[in-house]
Amino acid sequence: MPNQLDSRYGKRLFDVTLALALAVPAIVLCAPMAILIWLDDRANPLFIQRRLGRDGRVFQLVKLRTMRTGTGDRPSHEALANSITPLGQWLRRTKVDELPQLWNVLRGEMSFVGPRPGLPSQIELAQSRKRYGVHRLLPGITGVSQVRGLDMSTPELLAEIDATYIGTWSLRRDLALLVQTARGGGQGDAAARRIDR
């Protein structure tokens with residue numbers, strides 16, 4: 001039976017191999033999207049935000065911009081629905097906005113599967129994850145909570161569900177979660193449905 005160290009190396013090998021395999025297709029897909037984002041909002045098409053990684057270490061998460069400039073540095077579930085651009089809605093629905101995070105995976109800051117990284121300002125979430133031991137996991141592009149449709153508006157429940165991922169790494173489980181994500185499982189951090197008028 002594989003030990004924890006073997007599991008970590010196996011997971012890292014899987015992450016790097018898959019990230020390299022997807023790198024060129026991701027660039028081909030993201031390049032025209034970046035041009036459209038710039039034409040629509042005249043802003044940097046890449047959205048770079050400070051997030052909490054393994055053991056609370058801060059890193060710079062990279063995504064395609066889906067919200068208008070001036071939205072502020074806040075969790076998606078706290079943003080107004082009309083702060084998301086029409087193109088951004090499509091990018092979120094198809095999860096194309098997540099593709100630049102392949103860079104974070106290659107840098108070892110993220111994994112394909114794990115708990116979604118929170119903001120440093122989300123103190124309650126960070127504390128809940130520490131109680132459950134989730135803070136020791138490498139954050140992921142997708143994870144068990146995202147596939148179940150949970151966002152970060154329920155910190156305690158999110159940490160509890162994320163904790164079910166703790167244990168010996170399984171390639172089969174990661175592949176199953178990635179397939180569910182690709183098929184549209186879960187919406188992740190959905191913006192608030194209210195509209196600012």
# chains A, B, ... in the order shown; residues from 1 in each chain; ligands from 1

call {"tool": "residues_around", "arguments": {"residues": "Arg107 of chain A", "least_positions_apart": "6", "cutoff": "12 Å", "atoms": "only C-alpha atoms", "output": "PyMOL selection string"}}
result
chain A and resi 12+15-16+19-20+59-62+100-101+138

call {"tool": "write_last_selection", "arguments": {"atoms": "all heavy atoms", "output": "tab-separated table (two decimals), in the first residue's frame"}}
result
chain	number	residue	atom	x	y	z
A	12	ARG	N	2.10	14.65	-7.67
A	12	ARG	CA	2.87	15.71	-8.33
A	12	ARG	C	3.25	15.31	-9.75
A	12	ARG	O	3.16	16.12	-10.69
A	12	ARG	CB	4.14	16.01	-7.52
A	12	ARG	CG	5.04	17.10	-8.11
A	12	ARG	CD	4.34	18.41	-8.19
A	12	ARG	NE	5.15	19.43	-8.83
A	12	ARG	CZ	4.68	20.49	-9.45
A	12	ARG	NH1	3.37	20.69	-9.53
A	12	ARG	NH2	5.48	21.37	-10.00
A	15	ASP	N	0.17	15.71	-11.86
A	15	ASP	CA	-0.12	17.12	-12.09
A	15	ASP	C	0.77	17.72	-13.17
A	15	ASP	O	0.30	18.39	-14.09
A	15	ASP	CB	0.05	17.92	-10.79
A	15	ASP	CG	-1.10	17.75	-9.82
A	15	ASP	OD1	-2.19	17.34	-10.26
A	15	ASP	OD2	-0.91	18.02	-8.62
A	16	VAL	N	2.07	17.48	-13.06
A	16	VAL	CA	3.02	18.05	-14.02
A	16	VAL	C	2.80	17.48	-15.42
A	16	VAL	O	2.79	18.21	-16.41
A	16	VAL	CB	4.47	17.81	-13.56
A	16	VAL	CG1	5.46	18.22	-14.65
A	16	VAL	CG2	4.77	18.61	-12.29
A	19	ALA	N	-0.46	18.90	-16.82
A	19	ALA	CA	-0.32	20.34	-17.09
A	19	ALA	C	0.49	20.58	-18.36
A	19	ALA	O	0.14	21.44	-19.18
A	19	ALA	CB	0.33	21.04	-15.90
A	20	LEU	N	1.56	19.83	-18.55
A	20	LEU	CA	2.38	19.97	-19.75
A	20	LEU	C	1.61	19.54	-21.00
A	20	LEU	O	1.72	20.16	-22.06
A	20	LEU	CB	3.67	19.16	-19.61
A	20	LEU	CG	4.71	19.70	-18.61
A	20	LEU	CD1	5.86	18.72	-18.47
A	20	LEU	CD2	5.22	21.07	-19.04
A	59	PHE	N	0.21	32.84	-2.38
A	59	PHE	CA	0.74	32.78	-3.74
A	59	PHE	C	-0.17	33.60	-4.65
A	59	PHE	O	-1.26	34.04	-4.25
A	59	PHE	CB	0.86	31.33	-4.22
A	59	PHE	CG	-0.46	30.67	-4.50
A	59	PHE	CD1	-0.96	30.56	-5.80
A	59	PHE	CD2	-1.22	30.12	-3.46
A	59	PHE	CE1	-2.18	29.94	-6.06
A	59	PHE	CE2	-2.44	29.49	-3.71
A	59	PHE	CZ	-2.92	29.40	-5.01
A	60	GLN	N	0.27	33.82	-5.88
A	60	GLN	CA	-0.48	34.61	-6.85
A	60	GLN	C	-1.23	33.68	-7.80
A	60	GLN	O	-0.63	33.05	-8.67
A	60	GLN	CB	0.47	35.51	-7.66
A	60	GLN	CG	1.31	36.46	-6.81
A	60	GLN	CD	0.48	37.55	-6.17
A	60	GLN	OE1	-0.49	38.01	-6.73
A	60	GLN	NE2	0.89	37.97	-4.98
A	61	LEU	N	-2.54	33.59	-7.65
A	61	LEU	CA	-3.36	32.75	-8.52
A	61	LEU	C	-3.66	33.51	-9.81
A	61	LEU	O	-3.93	34.71	-9.79
A	61	LEU	CB	-4.67	32.39	-7.81
A	61	LEU	CG	-5.66	31.53	-8.59
A	61	LEU	CD1	-6.30	30.48	-7.68
A	61	LEU	CD2	-6.76	32.41	-9.20
A	62	VAL	N	-3.61	32.80	-10.94
A	62	VAL	CA	-3.82	33.41	-12.25
A	62	VAL	C	-5.07	32.82	-12.91
A	62	VAL	O	-5.23	31.60	-12.98
A	62	VAL	CB	-2.60	33.19	-13.18
A	62	VAL	CG1	-2.79	33.95	-14.48
A	62	VAL	CG2	-1.32	33.60	-12.49
A	100	PRO	N	-5.46	29.30	-17.09
A	100	PRO	CA	-4.15	29.87	-16.73
A	100	PRO	C	-3.58	29.31	-15.43
A	100	PRO	O	-2.38	29.44	-15.17
A	100	PRO	CB	-4.46	31.37	-16.60
A	100	PRO	CG	-5.59	31.59	-17.54
A	100	PRO	CD	-6.44	30.36	-17.39
A	101	GLN	N	-4.42	28.66	-14.63
A	101	GLN	CA	-3.91	28.08	-13.39
A	101	GLN	C	-3.01	26.88	-13.64
A	101	GLN	O	-2.38	26.36	-12.70
A	101	GLN	CB	-5.08	27.69	-12.48
A	101	GLN	CG	-5.80	28.89	-11.90
A	101	GLN	CD	-7.10	28.52	-11.21
A	101	GLN	OE1	-7.10	27.82	-10.20
A	101	GLN	NE2	-8.20	28.98	-11.76
A	138	LEU	N	-2.47	20.72	-0.82
A	138	LEU	CA	-2.21	21.66	-1.90
A	138	LEU	C	-3.56	22.05	-2.50
A	138	LEU	O	-4.38	21.18	-2.80
A	138	LEU	CB	-1.33	21.00	-2.96
A	138	LEU	CG	-0.49	21.90	-3.88
A	138	LEU	CD1	0.51	22.71	-3.06
A	138	LEU	CD2	0.24	21.05	-4.90

call {"tool": "select_by_dssp", "arguments": {"residues": "segment 45-150 of chain A", "states": "strand (DSSP E or B)", "output": "VMD selection string"}}
result
chain A and resid 46 to 52 58 to 64 67 80 84 111 to 113 140 to 142

call {"tool": "closest_atom_pairs", "arguments": {"of": "segment 109-135 of chain A", "to": "segment 142-153 of chain A", "cutoff": "10 Å", "atoms": "only C-alpha atoms", "output": "Markdown table"}}
result
| residue | atom | partner | partner_atom | distance |
| --- | --- | --- | --- | --- |
| A:Ser111 | CA | A:Thr142 | CA | 8.6 |
| A:Phe112 | CA | A:Thr142 | CA | 6.3 |
| A:Val113 | CA | A:Gly143 | CA | 5.0 |
| A:Gly114 | CA | A:Gly143 | CA | 4.8 |
| A:Pro115 | CA | A:Gly143 | CA | 5.5 |
| A:Arg116 | CA | A:Thr142 | CA | 6.5 |
| A:Pro117 | CA | A:Met152 | CA | 9.8 |
| A:Gly118 | CA | A:Met152 | CA | 8.0 |
| A:Gln122 | CA | A:Met152 | CA | 9.0 |
| A:Leu125 | CA | A:Met152 | CA | 7.7 |

call {"tool": "write_last_selection", "arguments": {"atoms": "N, CA, C and O atoms", "output": "CSV table (one decimal), in the first residue's frame"}}
result
chain,number,residue,atom,x,y,z
A,111,SER,N,-2.6,22.1,-7.3
A,111,SER,CA,-2.8,20.8,-7.9
A,111,SER,C,-4.0,20.8,-8.8
A,111,SER,O,-4.8,21.8,-8.8
A,112,PHE,N,-4.3,19.8,-9.6
A,112,PHE,CA,-5.5,19.8,-10.4
A,112,PHE,C,-6.7,19.6,-9.4
A,112,PHE,O,-7.7,20.2,-9.6
A,113,VAL,N,-6.5,18.7,-8.4
A,113,VAL,CA,-7.6,18.4,-7.5
A,113,VAL,C,-7.2,18.8,-6.1
A,113,VAL,O,-6.1,18.4,-5.6
A,114,GLY,N,-8.0,19.5,-5.4
A,114,GLY,CA,-7.8,19.8,-4.0
A,114,GLY,C,-8.7,20.9,-3.6
A,114,GLY,O,-9.6,21.3,-4.4
A,115,PRO,N,-8.7,21.4,-2.3
A,115,PRO,CA,-9.6,22.5,-1.9
A,115,PRO,C,-9.3,23.8,-2.7
A,115,PRO,O,-8.1,24.1,-2.9
A,116,ARG,N,-10.3,24.5,-3.1
A,116,ARG,CA,-10.1,25.7,-3.8
A,116,ARG,C,-9.4,26.7,-2.8
A,116,ARG,O,-9.8,26.8,-1.6
A,117,PRO,N,-8.4,27.4,-3.3
A,117,PRO,CA,-7.7,28.3,-2.4
A,117,PRO,C,-8.5,29.5,-2.0
A,117,PRO,O,-9.1,30.2,-2.9
A,118,GLY,N,-8.5,29.9,-0.7
A,118,GLY,CA,-9.3,31.0,-0.3
A,118,GLY,C,-8.4,32.3,-0.3
A,118,GLY,O,-7.2,32.2,-0.5
A,122,GLN,N,-10.4,35.7,4.1
A,122,GLN,CA,-11.4,34.7,4.5
A,122,GLN,C,-10.9,34.0,5.7
A,122,GLN,O,-10.6,32.8,5.7
A,125,LEU,N,-12.9,30.8,7.0
A,125,LEU,CA,-12.6,29.6,6.1
A,125,LEU,C,-11.2,29.1,6.5
A,125,LEU,O,-11.1,27.8,6.6

call {"tool": "residues_around", "arguments": {"residues": "Gly88 of chain A", "least_positions_apart": "5", "cutoff": "10 Å", "atoms": "only C-alpha atoms", "output": "list in words"}}
result
Met33, Ile37, Leu64, Arg65, Thr66, Met67, Arg68, Ser83, Arg93, Thr94, Lys95, Val96 and Asp97 of chain A

call {"tool": "residues_around", "arguments": {"residues": "segment 163-179 of chain A", "least_positions_apart": "2", "cutoff": "12 Å", "atoms": "only C-alpha atoms", "output": "ChimeraX atom specification"}}
result
/A:1-15,18,95,111-115,128-148,156-161,181-186

call {"tool": "select_by_dssp", "arguments": {"residues": "chain A", "states": "alpha helix (DSSP H)", "output": "VMD selection string"}}
result
chain A and resid 4 to 41 86 to 94 102 to 106 123 to 132 144 to 147 155 to 162 171 to 182

call {"tool": "write_last_selection", "arguments": {"atoms": "C-alpha atoms", "output": "mmCIF file, in the first residue's frame"}}
result
data_model
loop_
_atom_site.group_PDB
_atom_site.id
_atom_site.type_symbol
_atom_site.label_atom_id
_atom_site.label_comp_id
_atom_site.auth_asym_id
_atom_site.auth_seq_id
_atom_site.Cartn_x
_atom_site.Cartn_y
_atom_site.Cartn_z
ATOM 1 C CA GLN A 4 1.976 9.328 2.190
ATOM 2 C CA LEU A 5 5.305 10.350 0.632
ATOM 3 C CA ASP A 6 4.782 8.075 -2.369
ATOM 4 C CA SER A 7 1.286 9.498 -2.755
ATOM 5 C CA ARG A 8 2.584 13.061 -2.797
ATOM 6 C CA TYR A 9 5.190 12.245 -5.459
ATOM 7 C CA GLY A 10 2.620 10.336 -7.525
ATOM 8 C CA LYS A 11 0.170 13.218 -7.363
ATOM 9 C CA ARG A 12 2.872 15.713 -8.330
ATOM 10 C CA LEU A 13 3.964 13.576 -11.284
ATOM 11 C CA PHE A 14 0.355 13.352 -12.451
ATOM 12 C CA ASP A 15 -0.124 17.124 -12.088
ATOM 13 C CA VAL A 16 3.022 18.053 -14.021
ATOM 14 C CA THR A 17 2.394 15.513 -16.787
ATOM 15 C CA LEU A 18 -1.197 16.632 -17.319
ATOM 16 C CA ALA A 19 -0.320 20.336 -17.094
ATOM 17 C CA LEU A 20 2.384 19.975 -19.752
ATOM 18 C CA ALA A 21 0.031 17.987 -21.989
ATOM 19 C CA LEU A 22 -2.625 20.708 -21.716
ATOM 20 C CA ALA A 23 -0.275 23.696 -21.951
ATOM 21 C CA VAL A 24 -0.327 24.208 -25.736
ATOM 22 C CA PRO A 25 -4.105 23.657 -26.164
ATOM 23 C CA ALA A 26 -4.692 26.018 -23.237
ATOM 24 C CA ILE A 27 -2.575 28.752 -24.812
ATOM 25 C CA VAL A 28 -4.339 28.323 -28.163
ATOM 26 C CA LEU A 29 -7.728 28.621 -26.453
ATOM 27 C CA CYS A 30 -6.831 31.402 -24.018
ATOM 28 C CA ALA A 31 -5.095 33.704 -26.518
ATOM 29 C CA PRO A 32 -8.236 34.714 -28.470
ATOM 30 C CA MET A 33 -10.211 34.891 -25.208
ATOM 31 C CA ALA A 34 -7.615 37.301 -23.812
ATOM 32 C CA ILE A 35 -8.006 39.554 -26.856
ATOM 33 C CA LEU A 36 -11.797 39.557 -26.475
ATOM 34 C CA ILE A 37 -11.533 40.365 -22.767
ATOM 35 C CA TRP A 38 -9.241 43.314 -23.506
ATOM 36 C CA LEU A 39 -11.523 44.617 -26.249
ATOM 37 C CA ASP A 40 -14.544 44.359 -23.961
ATOM 38 C CA ASP A 41 -13.134 45.957 -20.810
ATOM 39 C CA PRO A 86 -21.228 38.373 -20.731
ATOM 40 C CA LEU A 87 -18.016 36.752 -21.953
ATOM 41 C CA GLY A 88 -17.066 36.090 -18.343
ATOM 42 C CA GLN A 89 -20.298 34.178 -17.813
ATOM 43 C CA TRP A 90 -19.394 31.863 -20.680
ATOM 44 C CA LEU A 91 -15.807 31.504 -19.457
ATOM 45 C CA ARG A 92 -17.042 30.529 -15.989
ATOM 46 C CA ARG A 93 -19.680 28.135 -17.289
ATOM 47 C CA THR A 94 -17.148 26.320 -19.484
ATOM 48 C CA LEU A 102 -1.905 25.437 -15.221
ATOM 49 C CA TRP A 103 0.941 27.874 -14.528
ATOM 50 C CA ASN A 104 0.237 27.609 -10.795
ATOM 51 C CA VAL A 105 0.201 23.823 -11.097
ATOM 52 C CA LEU A 106 3.573 23.757 -12.864
ATOM 53 C CA ILE A 123 -10.334 34.169 8.080
ATOM 54 C CA GLU A 124 -13.275 31.970 9.068
ATOM 55 C CA LEU A 125 -12.602 29.645 6.135
ATOM 56 C CA ALA A 126 -8.884 29.458 6.961
ATOM 57 C CA GLN A 127 -9.643 28.644 10.610
ATOM 58 C CA SER A 128 -12.180 25.971 9.682
ATOM 59 C CA ARG A 129 -9.750 24.349 7.261
ATOM 60 C CA LYS A 130 -7.036 24.341 9.908
ATOM 61 C CA ARG A 131 -9.341 22.549 12.370
ATOM 62 C CA TYR A 132 -10.048 19.839 9.801
ATOM 63 C CA VAL A 144 -14.837 17.544 -3.989
ATOM 64 C CA SER A 145 -16.672 20.665 -2.771
ATOM 65 C CA GLN A 146 -16.773 22.234 -6.218
ATOM 66 C CA VAL A 147 -18.161 19.074 -7.809
ATOM 67 C CA PRO A 155 -16.871 27.970 5.404
ATOM 68 C CA GLU A 156 -17.496 25.241 7.998
ATOM 69 C CA LEU A 157 -19.365 22.940 5.614
ATOM 70 C CA LEU A 158 -16.813 23.602 2.884
ATOM 71 C CA ALA A 159 -13.927 22.637 5.181
ATOM 72 C CA GLU A 160 -15.776 19.512 6.331
ATOM 73 C CA ILE A 161 -16.380 18.325 2.764
ATOM 74 C CA ASP A 162 -12.862 19.262 1.668
ATOM 75 C CA LEU A 171 -5.341 8.532 -9.408
ATOM 76 C CA ARG A 172 -8.772 7.043 -10.024
ATOM 77 C CA ARG A 173 -10.425 9.516 -7.645
ATOM 78 C CA ASP A 174 -8.635 12.526 -9.166
ATOM 79 C CA LEU A 175 -9.585 11.441 -12.682
ATOM 80 C CA ALA A 176 -13.202 10.937 -11.614
ATOM 81 C CA LEU A 177 -13.361 14.446 -10.109
ATOM 82 C CA LEU A 178 -11.767 15.969 -13.212
ATOM 83 C CA VAL A 179 -14.239 14.185 -15.484
ATOM 84 C CA GLN A 180 -17.156 15.381 -13.339
ATOM 85 C CA THR A 181 -15.788 18.926 -13.511
ATOM 86 C CA ALA A 182 -15.335 18.748 -17.292
#

call {"tool": "atom_distance", "arguments": {"atom1": "atom CA of Thr154 of chain A", "atom2": "atom CA of Ile48 of chain A"}}
result
23.9 Å

call {"tool": "atom_distance", "arguments": {"atom1": "atom CA of Asn44 of chain A", "atom2": "atom CA of Gly70 of chain A"}}
result
12.3 Å

call {"tool": "decode", "arguments": {"residues": "segment 139-160 of chain A", "atoms": "N, CA, C and O atoms", "output": "mmCIF file, in the first residue's frame"}}
result
data_model
loop_
_atom_site.group_PDB
_atom_site.id
_atom_site.type_symbol
_atom_site.label_atom_id
_atom_site.label_comp_id
_atom_site.auth_asym_id
_atom_site.auth_seq_id
_atom_site.Cartn_x
_atom_site.Cartn_y
_atom_site.Cartn_z
ATOM 1 N N PRO A 139 -3.831 23.350 -2.666
ATOM 2 C CA PRO A 139 -5.124 23.747 -3.246
ATOM 3 C C PRO A 139 -5.260 23.273 -4.683
ATOM 4 O O PRO A 139 -4.266 23.041 -5.370
ATOM 5 N N GLY A 140 -6.498 23.149 -5.136
ATOM 6 C CA GLY A 140 -6.726 22.601 -6.463
ATOM 7 C C GLY A 140 -7.555 23.490 -7.368
ATOM 8 O O GLY A 140 -8.234 24.415 -6.916
ATOM 9 N N ILE A 141 -7.480 23.208 -8.658
ATOM 10 C CA ILE A 141 -8.319 23.889 -9.642
ATOM 11 C C ILE A 141 -9.768 23.455 -9.448
ATOM 12 O O ILE A 141 -10.700 24.236 -9.615
ATOM 13 N N THR A 142 -9.953 22.202 -9.086
ATOM 14 C CA THR A 142 -11.279 21.699 -8.732
ATOM 15 C C THR A 142 -11.117 20.780 -7.539
ATOM 16 O O THR A 142 -10.008 20.449 -7.135
ATOM 17 N N GLY A 143 -12.243 20.379 -6.967
ATOM 18 C CA GLY A 143 -12.175 19.514 -5.798
ATOM 19 C C GLY A 143 -13.532 18.944 -5.454
ATOM 20 O O GLY A 143 -14.523 19.180 -6.149
ATOM 21 N N VAL A 144 -13.596 18.217 -4.357
ATOM 22 C CA VAL A 144 -14.837 17.544 -3.989
ATOM 23 C C VAL A 144 -15.956 18.544 -3.704
ATOM 24 O O VAL A 144 -17.120 18.310 -4.049
ATOM 25 N N SER A 145 -15.636 19.671 -3.077
ATOM 26 C CA SER A 145 -16.672 20.665 -2.771
ATOM 27 C C SER A 145 -17.221 21.310 -4.033
ATOM 28 O O SER A 145 -18.429 21.556 -4.155
ATOM 29 N N GLN A 146 -16.330 21.596 -4.978
ATOM 30 C CA GLN A 146 -16.773 22.234 -6.218
ATOM 31 C C GLN A 146 -17.686 21.310 -7.017
ATOM 32 O O GLN A 146 -18.689 21.737 -7.575
ATOM 33 N N VAL A 147 -17.339 20.037 -7.071
ATOM 34 C CA VAL A 147 -18.161 19.074 -7.809
ATOM 35 C C VAL A 147 -19.540 18.948 -7.171
ATOM 36 O O VAL A 147 -20.542 18.737 -7.854
ATOM 37 N N ARG A 148 -19.597 19.143 -5.849
ATOM 38 C CA ARG A 148 -20.886 19.071 -5.148
ATOM 39 C C ARG A 148 -21.657 20.387 -5.221
ATOM 40 O O ARG A 148 -22.762 20.496 -4.686
ATOM 41 N N GLY A 149 -21.062 21.396 -5.832
ATOM 42 C CA GLY A 149 -21.759 22.661 -5.997
ATOM 43 C C GLY A 149 -21.666 23.600 -4.822
ATOM 44 O O GLY A 149 -22.428 24.562 -4.722
ATOM 45 N N LEU A 150 -20.715 23.353 -3.887
ATOM 46 C CA LEU A 150 -20.563 24.236 -2.733
ATOM 47 C C LEU A 150 -19.637 25.391 -3.079
ATOM 48 O O LEU A 150 -18.631 25.210 -3.762
ATOM 49 N N ASP A 151 -19.975 26.595 -2.602
ATOM 50 C CA ASP A 151 -19.052 27.709 -2.772
ATOM 51 C C ASP A 151 -18.492 28.094 -1.409
ATOM 52 O O ASP A 151 -18.728 27.417 -0.412
ATOM 53 N N MET A 152 -17.779 29.204 -1.358
ATOM 54 C CA MET A 152 -17.088 29.577 -0.130
ATOM 55 C C MET A 152 -17.961 30.364 0.842
ATOM 56 O O MET A 152 -17.458 30.913 1.820
ATOM 57 N N SER A 153 -19.261 30.429 0.600
ATOM 58 C CA SER A 153 -20.162 31.151 1.483
ATOM 59 C C SER A 153 -20.522 30.334 2.728
ATOM 60 O O SER A 153 -21.143 30.856 3.650
ATOM 61 N N THR A 154 -20.138 29.046 2.741
ATOM 62 C CA THR A 154 -20.400 28.181 3.896
ATOM 63 C C THR A 154 -19.071 27.586 4.372
ATOM 64 O O THR A 154 -18.787 26.411 4.117
ATOM 65 N N PRO A 155 -18.242 28.380 5.067
ATOM 66 C CA PRO A 155 -16.871 27.970 5.404
ATOM 67 C C PRO A 155 -16.759 26.651 6.151
ATOM 68 O O PRO A 155 -15.923 25.805 5.807
ATOM 69 N N GLU A 156 -17.597 26.453 7.191
ATOM 70 C CA GLU A 156 -17.496 25.241 7.998
ATOM 71 C C GLU A 156 -17.848 24.004 7.179
ATOM 72 O O GLU A 156 -17.137 22.993 7.207
ATOM 73 N N LEU A 157 -18.954 24.073 6.451
ATOM 74 C CA LEU A 157 -19.365 22.940 5.614
ATOM 75 C C LEU A 157 -18.332 22.681 4.529
ATOM 76 O O LEU A 157 -18.010 21.523 4.230
ATOM 77 N N LEU A 158 -17.817 23.747 3.939
ATOM 78 C CA LEU A 158 -16.813 23.602 2.884
ATOM 79 C C LEU A 158 -15.586 22.867 3.409
ATOM 80 O O LEU A 158 -15.077 21.939 2.774
ATOM 81 N N ALA A 159 -15.105 23.277 4.588
ATOM 82 C CA ALA A 159 -13.927 22.637 5.181
ATOM 83 C C ALA A 159 -14.200 21.172 5.500
ATOM 84 O O ALA A 159 -13.340 20.302 5.294
ATOM 85 N N GLU A 160 -15.407 20.894 5.992
ATOM 86 C CA GLU A 160 -15.776 19.512 6.331
ATOM 87 C C GLU A 160 -15.784 18.622 5.096
ATOM 88 O O GLU A 160 -15.260 17.494 5.123
#
